[in-house]
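One structure is given below, encoded as structure tokens.
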2 protein chains.
Amino acid sequence: MRVILCGFGVVGQSLVKLFNSRSEDLYAQYGLKPRVVGVCDSKGSAVDTSGLELEKLVEVKKKFGTVKNYGKTKNNMSGIDMIRNLDADVVIETTASNYKDAEPGMSHIITAMKRRMHVVSVNKGPLALAFPSLMELATYNQVIFKFSGTVGGGTPILDYAKNSLRGERITSFAGILNGTTNYILSNMTNGLSFDSALKDAKNRGYVEADESLDLDGLDAAAKLVILANWIMGMKVTLPDIDCKGIRNVTVNDIRNASKNNCAIKLIASCNRELVVKPKEVSVDDPLCVNGTLNAIAFTSEHSGTQTIIGKGAGGMETASSILRDLLDIRQEIAKI
Amino acid sequence: MRVILCGFGVVGQSLVKLFNSRSEDLYAQYGLKPRVVGVCDSKGSAVDTSGLELEKLVEVKKKFGTVKNYGKTKNNMSGIDMIRNLDADVVIETTASNYKDAEPGMSHIITAMKRRMHVVSVNKGPLALAFPSLMELATYNQVIFKFSGTVGGGTPILDYAKNSLRGERITSFAGILNGTTNYILSNMTNGLSFDSALKDAKNRGYVEADESLDLDGLDAAAKLVILANWIMGMKVTLPDIDCKGIRNVTVNDIRNASKNNCAIKLIASCNRELVVKPKEVSVDDPLCVNGTLNAIAFTSEHSGTQTIIGKGAGGMETASSILRDLLDIRQEIAKI
């Protein structure tokens with residue numbers, strides 16, 4: 001399976017390490033032999049149609065801060081050029097999410113689909129802004145579009161709701177979908193002010209470069225868009241979400257919640273309306289998890305409410321979700 | 001799809017109601033049209049090769065306490081006779097679990113498989129005593145053997161671990177797999193003595209007719225056997241479990257645990273060894289759920305620890321798991 005990898009940050013590097021450490025097992029157990037023919041980052045690309053050396057890729061990135069120094073001459077090719085000119089079966093999109101124009105991820109995905117390449121995206125931007133039309137484009141071009149890692153990181157929330165609960169009707173759901181704000185709110189519950197809690201989260205590297213994505217609820221709202229489309233069959237995008245972040249949550253609010261045996265959590269919910277906002281949650285509710293954990297509770301018609309809890313982020317965790325998507329694509333292709 | 005239903009207690013009746021209420025949707029969405037050709041309970045049977053009337057079945061059971069009065073003459077046929085003499089595609093086994101000889105469920109399942117019928121079992125007994133050999137028998141006779149409802153009721157724990165986490169290695173797991181003992185322990189944490197908590201649980205109908213199945217950990221151990229075989233590829237049966245129940249847990253133990261910010265829970269765990277025993281769990285651990293809830297935490301190689309929480313029992317919930325298994329069988333058959 002020839003793979004183009006767009007973006008070579010923490011997730012991309014973790015994926016390459018995972019390919020390397022599990023190559024024998026992946027082939028023996030699943031018949032999957034990923035051959036990375038191209039990798040791009042914001043500065044340039046590395047290309048080898050017979051397959052890049054994975055260990056070398058990571059070394060070059062570490063040494064030069066970009067993969068463009070992989071070959072003998074520096075390769076300034078952009079991601080788009082790579083997708084336009086290389087032959088590959090799958091494009092993996094791992095560049096950073098933005099919710100203004102979702103570039104360069106949006107163009108990567110659209111170009112790949114038009115060239116009849118399957119796509120795995122862990123970039124939420126394109127999905128948040130254009131889920132319904134991207135799904136249509138995939139169908140039209142008869143390619144598989146997977147995005148397990150966009151919600152829950154390594155915790156297979158989308159798959160659980162879609163497959164493990166098949167035959168069941170999910171009537172509503174609510175979740176803590178952003179680990180950073182959950183970490184901040186948990187620390188505020190433990191006595192820190194908003195500013196100190198935010199500072200601590202920043203020191204630990206939990207906060208996005210653009211802190212608004214976390215604090216104003218955009219990241220949670222993007223995940224809500226994906227869940228609403230994929231699980232509930234809605235056709236919505238980011239502007240359809242009623243979204244409020246955590247900037248106005250005060251230590252006083254949290255104290256009042258504590259008195260009711262509750263904690264304040266940034267809850268993304270789908271119950272007819274799509275809302276992201278801080279809410280009181282009983283500390284006895286399985287949904288009420290602390291630290292950077294994510295949690296989501298699906299309420300179904302006959303199987304009651306079921307909660308899944310896991311790490312919502314992390315390089316290796318998200319890479320493992322990409323691997324699952326590749327295995328699915330491998331299996332689907334084999335059927336044809 | 002012709003179906004024989006063994007056992008017509010809460011789960012069996014819920015299933016029939018589910019068939020009835022969702023008949024149109026099941027056919028339109030999944031092409032599934034279940035035709036119940038035979039039902040047995042401990043007193044007799046109801047048979048109609050062109051399909052029993054589902055509402056009438058429930059009425060007859062309610063009025064006479066058995067389905068044998070369904071036809072014009074009382075039908076004393078046993079479950080085994082029914083499986084031997086009727087033609088059907090699937091046998092659904094819902095009789096009560098016992099861990100001595102697992103009868104009559106064991107004979108129902110074996111007879112069905114030998115007659116090349118697919119089997120769905122929510123009866124844990126046969127699986128606890130003979131999981132490896134039943135799987136072999138199913139393979140030998142080329143039939144599908146499903147048992148989603150045996151662990152977690154309507155919460156698809158087995159499917160999650162097997163399918164949603166495919167491509168990932170689960171290295172260990174630990175869970176609260178018995179809602180009754182969790183209810184008792186939760187109430188003891190709230191100040192009740194063991195005896196009062198047990199009495200309350202009995203009054204609510206949470207305790208098995210043979211209370212030892214709950215209190216001595218047998219129900220949890222049976223589920224651990226199923227998980228160990230299905231998820232971890234082990235070949236074990238009930239005697240391989242190191243099992244200790246909750247009878248010796250004192251209010252004092254619980255007080256001491258509270259001092260460490262912990263609660264005592266009956267934990268079934270697989271980490272090289274297979275153990276069921278009361279353990280201290282931090283109240284901050286997502287696994288630490290209260291009341292009748294079940295919870296299980298899977299630790300995987302790359303995706304971290306993931307916890308699933310849900311109702312572990314209930315007639316309609318367990319019936320919904322049977323429906324999922326039937327949909328799987330329907331899909332598998334369609335492939336052939």
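Labeling convention for the structure tokens: chains A, B, ... as they appear, residues from 1 per chain, ligands from 1 in order of appearance.
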For Lys33 of chain B, list every protein, DNA or RNA residue within 12 Å, evaluated using only C-alpha atoms, and leave out those in the same chain fewer than 6 positions away; present the list as an MDAnalysis selection string. chainID B and resid 1:3 19:20 22:27 51 89 323 326:327 330
Would you mind exporting C-alpha atoms of the selected residues as a compact mmCIF listing (two decimals), in the first residue's frame?
```txt
# COMPACT_ATOMS: atom_id res chain seq x y z
CA MET B 1 -34.63 -16.18 9.19
CA ARG B 2 -36.19 -19.06 11.13
CA VAL B 3 -35.46 -18.83 14.81
CA PHE B 19 -38.95 -8.21 17.05
CA ASN B 20 -42.52 -7.01 17.08
CA ARG B 22 -39.06 -3.11 15.10
CA SER B 23 -40.21 -5.56 12.43
CA GLU B 24 -40.59 -2.96 9.68
CA ASP B 25 -37.39 -1.15 10.43
CA LEU B 26 -35.37 -4.39 10.72
CA TYR B 27 -36.55 -5.55 7.33
CA GLY B 51 -44.04 -18.50 12.50
CA ASP B 89 -31.43 -21.16 10.90
CA LEU B 323 -30.58 -8.50 17.89
CA LEU B 326 -28.71 -11.82 14.60
CA LEU B 327 -27.84 -8.90 12.33
CA ARG B 330 -27.73 -12.24 8.69
```
Looking only at helix (DSSP H, G or I) from DSSP on the backbone, list the matching residues of segment 49-171 of chain B as a PyMOL selection string. chain B and resi 54-64+79-85+105-114+124-140+148-150+157-164
Interface residues on chain A facing chain B, 9 Å, only C-alpha atoms, written as a PyMOL selection string: chain A and resi 18+26+29-30+153-157+159-160+163-168+284-290+297+302-311+314+316-321+323-324+327
Just write the chosen residues, N, CA and C atoms, as a tab-separated table (two decimals), in the first residue's frame.
```
chain	number	residue	atom	x	y	z
A	18	LEU	N	5.43	3.71	14.32
A	18	LEU	CA	4.52	2.57	14.47
A	18	LEU	C	4.66	1.64	13.27
A	26	LEU	N	2.19	-6.42	11.16
A	26	LEU	CA	1.13	-5.89	10.29
A	26	LEU	C	1.01	-6.70	9.01
A	29	GLN	N	-0.19	-10.45	10.09
A	29	GLN	CA	-1.54	-10.60	10.63
A	29	GLN	C	-2.61	-10.00	9.72
A	30	TYR	N	-2.26	-8.91	9.02
A	30	TYR	CA	-3.29	-8.21	8.24
A	30	TYR	C	-2.94	-8.04	6.76
A	153	GLY	N	-8.95	10.73	19.73
A	153	GLY	CA	-7.57	10.27	19.55
A	153	GLY	C	-7.54	8.77	19.33
A	154	GLY	N	-6.89	8.04	20.19
A	154	GLY	CA	-6.79	6.59	20.04
A	154	GLY	C	-8.02	5.84	20.51
A	155	THR	N	-8.95	6.53	21.16
A	155	THR	CA	-10.16	5.87	21.67
A	155	THR	C	-11.19	5.82	20.54
A	156	PRO	N	-11.56	4.64	20.09
A	156	PRO	CA	-12.37	4.53	18.87
A	156	PRO	C	-13.85	4.86	19.10
A	157	ILE	N	-14.10	6.12	19.40
A	157	ILE	CA	-15.46	6.57	19.72
A	157	ILE	C	-16.38	6.48	18.51
A	159	ASP	N	-16.10	4.65	15.82
A	159	ASP	CA	-16.32	3.27	15.43
A	159	ASP	C	-17.28	2.59	16.39
A	160	TYR	N	-17.12	2.87	17.67
A	160	TYR	CA	-18.00	2.27	18.67
A	160	TYR	C	-19.45	2.61	18.37
A	163	ASN	N	-20.41	1.12	14.72
A	163	ASN	CA	-20.37	-0.32	14.48
A	163	ASN	C	-20.77	-1.17	15.67
A	164	SER	N	-20.17	-0.90	16.84
A	164	SER	CA	-20.49	-1.75	17.98
A	164	SER	C	-21.97	-1.60	18.37
A	165	LEU	N	-22.55	-0.44	18.08
A	165	LEU	CA	-23.96	-0.23	18.42
A	165	LEU	C	-24.88	-0.38	17.20
A	166	ARG	N	-24.39	-1.04	16.16
A	166	ARG	CA	-25.24	-1.22	14.97
A	166	ARG	C	-26.54	-1.94	15.36
A	167	GLY	N	-27.58	-1.63	14.64
A	167	GLY	CA	-28.87	-2.23	14.96
A	167	GLY	C	-29.57	-1.50	16.09
A	168	GLU	N	-28.93	-0.50	16.63
A	168	GLU	CA	-29.47	0.25	17.77
A	168	GLU	C	-29.62	1.70	17.33
A	284	ASP	N	-21.01	11.98	40.37
A	284	ASP	CA	-21.31	10.54	40.31
A	284	ASP	C	-21.59	10.06	38.89
A	285	ASP	N	-21.74	10.99	37.95
A	285	ASP	CA	-21.99	10.62	36.56
A	285	ASP	C	-20.71	10.07	35.95
A	286	PRO	N	-20.78	8.89	35.28
A	286	PRO	CA	-19.56	8.34	34.66
A	286	PRO	C	-18.88	9.33	33.71
A	287	LEU	N	-19.67	10.27	33.18
A	287	LEU	CA	-19.13	11.28	32.26
A	287	LEU	C	-18.15	12.23	32.96
A	288	CYS	N	-18.27	12.35	34.28
A	288	CYS	CA	-17.50	13.35	35.02
A	288	CYS	C	-16.07	12.88	35.26
A	289	VAL	N	-15.25	12.91	34.21
A	289	VAL	CA	-13.85	12.49	34.33
A	289	VAL	C	-12.96	13.73	34.47
A	290	ASN	N	-11.79	13.53	35.04
A	290	ASN	CA	-10.91	14.66	35.33
A	290	ASN	C	-9.61	14.62	34.52
A	297	ALA	N	-20.95	9.97	26.42
A	297	ALA	CA	-22.05	9.09	26.82
A	297	ALA	C	-23.07	9.06	25.70
A	302	HIS	N	-32.56	1.12	23.21
A	302	HIS	CA	-32.78	-0.10	23.99
A	302	HIS	C	-31.62	-0.52	24.87
A	303	SER	N	-30.43	0.03	24.64
A	303	SER	CA	-29.27	-0.45	25.40
A	303	SER	C	-28.85	0.52	26.50
A	304	GLY	N	-29.70	1.49	26.81
A	304	GLY	CA	-29.37	2.42	27.89
A	304	GLY	C	-28.28	3.39	27.50
A	305	THR	N	-27.69	4.02	28.51
A	305	THR	CA	-26.62	4.99	28.28
A	305	THR	C	-25.28	4.31	28.48
A	306	GLN	N	-24.39	4.52	27.54
A	306	GLN	CA	-23.09	3.88	27.60
A	306	GLN	C	-22.01	4.95	27.49
A	307	THR	N	-21.04	4.87	28.38
A	307	THR	CA	-20.00	5.90	28.42
A	307	THR	C	-18.65	5.31	28.04
A	308	ILE	N	-17.93	5.99	27.19
A	308	ILE	CA	-16.56	5.57	26.86
A	308	ILE	C	-15.60	6.65	27.31
A	309	ILE	N	-14.55	6.22	27.97
A	309	ILE	CA	-13.58	7.16	28.53
A	309	ILE	C	-12.19	6.78	28.03
A	310	GLY	N	-11.42	7.75	27.62
A	310	GLY	CA	-10.05	7.44	27.20
A	310	GLY	C	-9.27	8.71	26.99
A	311	LYS	N	-7.99	8.54	26.68
A	311	LYS	CA	-7.18	9.70	26.35
A	311	LYS	C	-7.66	10.22	25.00
A	314	GLY	N	-2.69	12.64	21.96
A	314	GLY	CA	-1.43	11.92	22.11
A	314	GLY	C	-0.97	11.43	20.76
A	316	MET	N	1.10	8.89	19.75
A	316	MET	CA	1.03	7.46	19.45
A	316	MET	C	-0.41	6.97	19.42
A	317	GLU	N	-1.24	7.52	20.31
A	317	GLU	CA	-2.65	7.13	20.34
A	317	GLU	C	-3.33	7.48	19.02
A	318	THR	N	-3.09	8.72	18.56
A	318	THR	CA	-3.71	9.14	17.31
A	318	THR	C	-3.15	8.35	16.13
A	319	ALA	N	-1.84	8.07	16.19
A	319	ALA	CA	-1.24	7.24	15.13
A	319	ALA	C	-1.90	5.87	15.09
A	320	SER	N	-2.23	5.32	16.26
A	320	SER	CA	-2.86	3.99	16.28
A	320	SER	C	-4.23	4.04	15.61
A	321	SER	N	-4.91	5.19	15.70
A	321	SER	CA	-6.21	5.30	15.03
A	321	SER	C	-6.03	5.36	13.50
A	323	LEU	N	-3.68	3.84	11.92
A	323	LEU	CA	-3.39	2.46	11.56
A	323	LEU	C	-4.68	1.65	11.40
A	324	ARG	N	-5.61	1.85	12.34
A	324	ARG	CA	-6.90	1.15	12.23
A	324	ARG	C	-7.61	1.52	10.93
A	327	LEU	N	-6.02	-0.28	8.07
A	327	LEU	CA	-6.42	-1.69	8.05
A	327	LEU	C	-7.81	-1.84	7.44
```
Rounded to one decimal place, report the atom CA of Ala222 of chain A-atom CA of Ile4 of chain A distance in Å. 24.7 Å
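With atom CA of Thr139 of chain A on one side and atom CA of Arg116 of chain A on the other, the separation reads 10.4 Å.
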Rank B:Met188, B:Ala96, B:Ala197, B:Ile246 by their smallest atom-to-atom distance to Leu215 of chain B, using only C-alpha atoms, and report the top residue only. B:Ile246
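In this structure, atom CA of Ala257 of chain B sits 22.6 Å away from atom CA of Ser258 of chain A.
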Which of these, A:Glu273, A:Asp101, A:Glu136, A:Glu280, has the shortest distance to Asn261 of chain A once you count only C-alpha atoms? A:Glu280
Rank nothing, just name the residue among B:Thr299, B:Thr150, B:Asn260, B:Thr237 nearest to Leu129 of chain B, using only C-alpha atoms. B:Thr237
Find the residues around Arg204 of chain B up to 12 Å (only C-alpha atoms counted), leave out those fewer than 5 positions away in its own chain, and share them as an MDAnalysis selection string. chainID B and resid 180 183:184 197:199 292
Keeping only C-alpha atoms, write the selected residues to a file as a PDB file, in the first residue's frame.
```pdb
ATOM      1  CA  THR B 180     -25.473  -6.873  41.942  1.00  0.00           C
ATOM      2  CA  TYR B 183     -24.845  -2.311  44.085  1.00  0.00           C
ATOM      3  CA  ILE B 184     -24.237  -3.990  47.453  1.00  0.00           C
ATOM      4  CA  ALA B 197     -27.348  -4.029  51.598  1.00  0.00           C
ATOM      5  CA  LEU B 198     -27.957  -7.622  50.484  1.00  0.00           C
ATOM      6  CA  LYS B 199     -31.557  -7.466  51.683  1.00  0.00           C
ATOM      7  CA  THR B 292     -25.620  -1.514  39.359  1.00  0.00           C
TER       8      THR B 292
END
```
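Proximity ranking of B:Val143, B:Ile226, B:Leu54, B:Ile254 relative to Ser193 of chain B places B:Ile254 first, based on only C-alpha atoms.
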Which polymer residues have any atom within 8 Å of an atom of Phe8 of chain B, counting only C-alpha atoms, with same-chain residues fewer than 6 positions away left out, as a PyMOL selection string? chain B and resi 39-41+94-95
Store the residues of this selection in a file with C-alpha atoms, as a PDB file, in the first residue's frame.
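Okay, part.pdb is ready:
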```pdb
ATOM      1  CA  VAL B  39     -40.188 -21.322  21.802  1.00  0.00           C
ATOM      2  CA  CYS B  40     -39.633 -23.428  24.908  1.00  0.00           C
ATOM      3  CA  ASP B  41     -39.665 -22.717  28.607  1.00  0.00           C
ATOM      4  CA  THR B  94     -31.634 -17.667  26.938  1.00  0.00           C
ATOM      5  CA  THR B  95     -32.180 -20.232  29.717  1.00  0.00           C
TER       6      THR B  95
END
```
